[in-house]
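Report on the following structure.
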Amino acid sequence: MTTYIGAVFNNGFVTRLLDLSLRANTSEDEDFEHEIARLCWSMQRAQGASWVLPLATAAATVDLVAEVFVSSLRTRLPAGFEERLSLAAGGRPVEEYLSDAASAIRKLDSEIVPGYGELPMAPWEVSLAFPEVIDFKYWVETDEFETLDECLWAGFDSMHPGECASRATALIAQAQEDLLLFPDPDVLRSTLSQSIPWVSRNVLLEIVRKGNEHLAELHGVSGR
């Protein structure tokens, strides 16, 4: 097996699948198919990821792993891969585990992926979906300024001007998405607080407000 083919087994979708399977095997609160559903909707919610790696291709990649595992190429799998695969299978035959995983992905590709009301976000999903909100931690928690407004304004000012088009707009959008996805304050906090300890509707609303003020005053971009 050439080096670049071997990398398929150590990077990207296959690695994420094994990691999540291990997580499900070691936690009474997690379910194998639920973790696959979370992985699939994380791909679907990011248009770039969905365009580069459709779920049908992801399922085919898992099928490729199964085919290699029972072929003469098995001896050329990357070091440690078989051990990780066996651990991910959780005591089941590896071929059965891979077949079930590929089938679950194909099923999700042809059906509507469960919503967050049915299957709450896991902390790893929060980190993937809202990185700018998480990275804004310092400006929410700092005691460098007397008021929250001053802290948030300083946070946006720290991105100005070079990162306003990328990071500032992403921060505003992610904060707004949190508010729309989780309109109930208790649900918002229970879903996000493990990854974003300071999170609340009021703070997110202030981030959106101050961010839009920054864009309007310093970039001439009005939300109206």
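FYI, nothing fancy with the structure tokens labels: chains A, B, ... in order, residues from 1 per chain, ligands from 1 as they appear.
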
Excluding Asn25 of chain A and its own-chain neighbours fewer than 4 positions away, which residues fall within 12 Å of it when counting only C-alpha atoms? Please give them as a list in words.
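Near neighbours after the sequence-gap exclusion: Leu18, Asp19, Leu20, Ser21, Asp29, Glu30, Asp31, Phe32, Glu33, Glu35, Ser86, Leu87, Ala88, Ala89, Gly90, Gly91 and Arg92 of chain A.
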
Find the spatial neighbours of Leu148 of chain A, counting only C-alpha atoms, within a cut-off of 10 Å - ignore same-chain residues fewer than 4 positions away - and output them as a VMD selection string.
chain A and resid 139 to 143 152 to 154 203 206 to 207

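Minimum atom-to-atom distances from A:Leu218, A:Val199, A:Leu64, A:Ala129 to His160 of chain A were compared using only C-alpha atoms, and the lowest value belongs to A:Leu218.
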
As a PyMOL selection string, which residues of segment 69-182 of chain A does DSSP assign to helix (DSSP H, G or I)?
chain A and resi 69+72-76+81-89+94-110+123-129+131-135+137-141+148-159+164-181
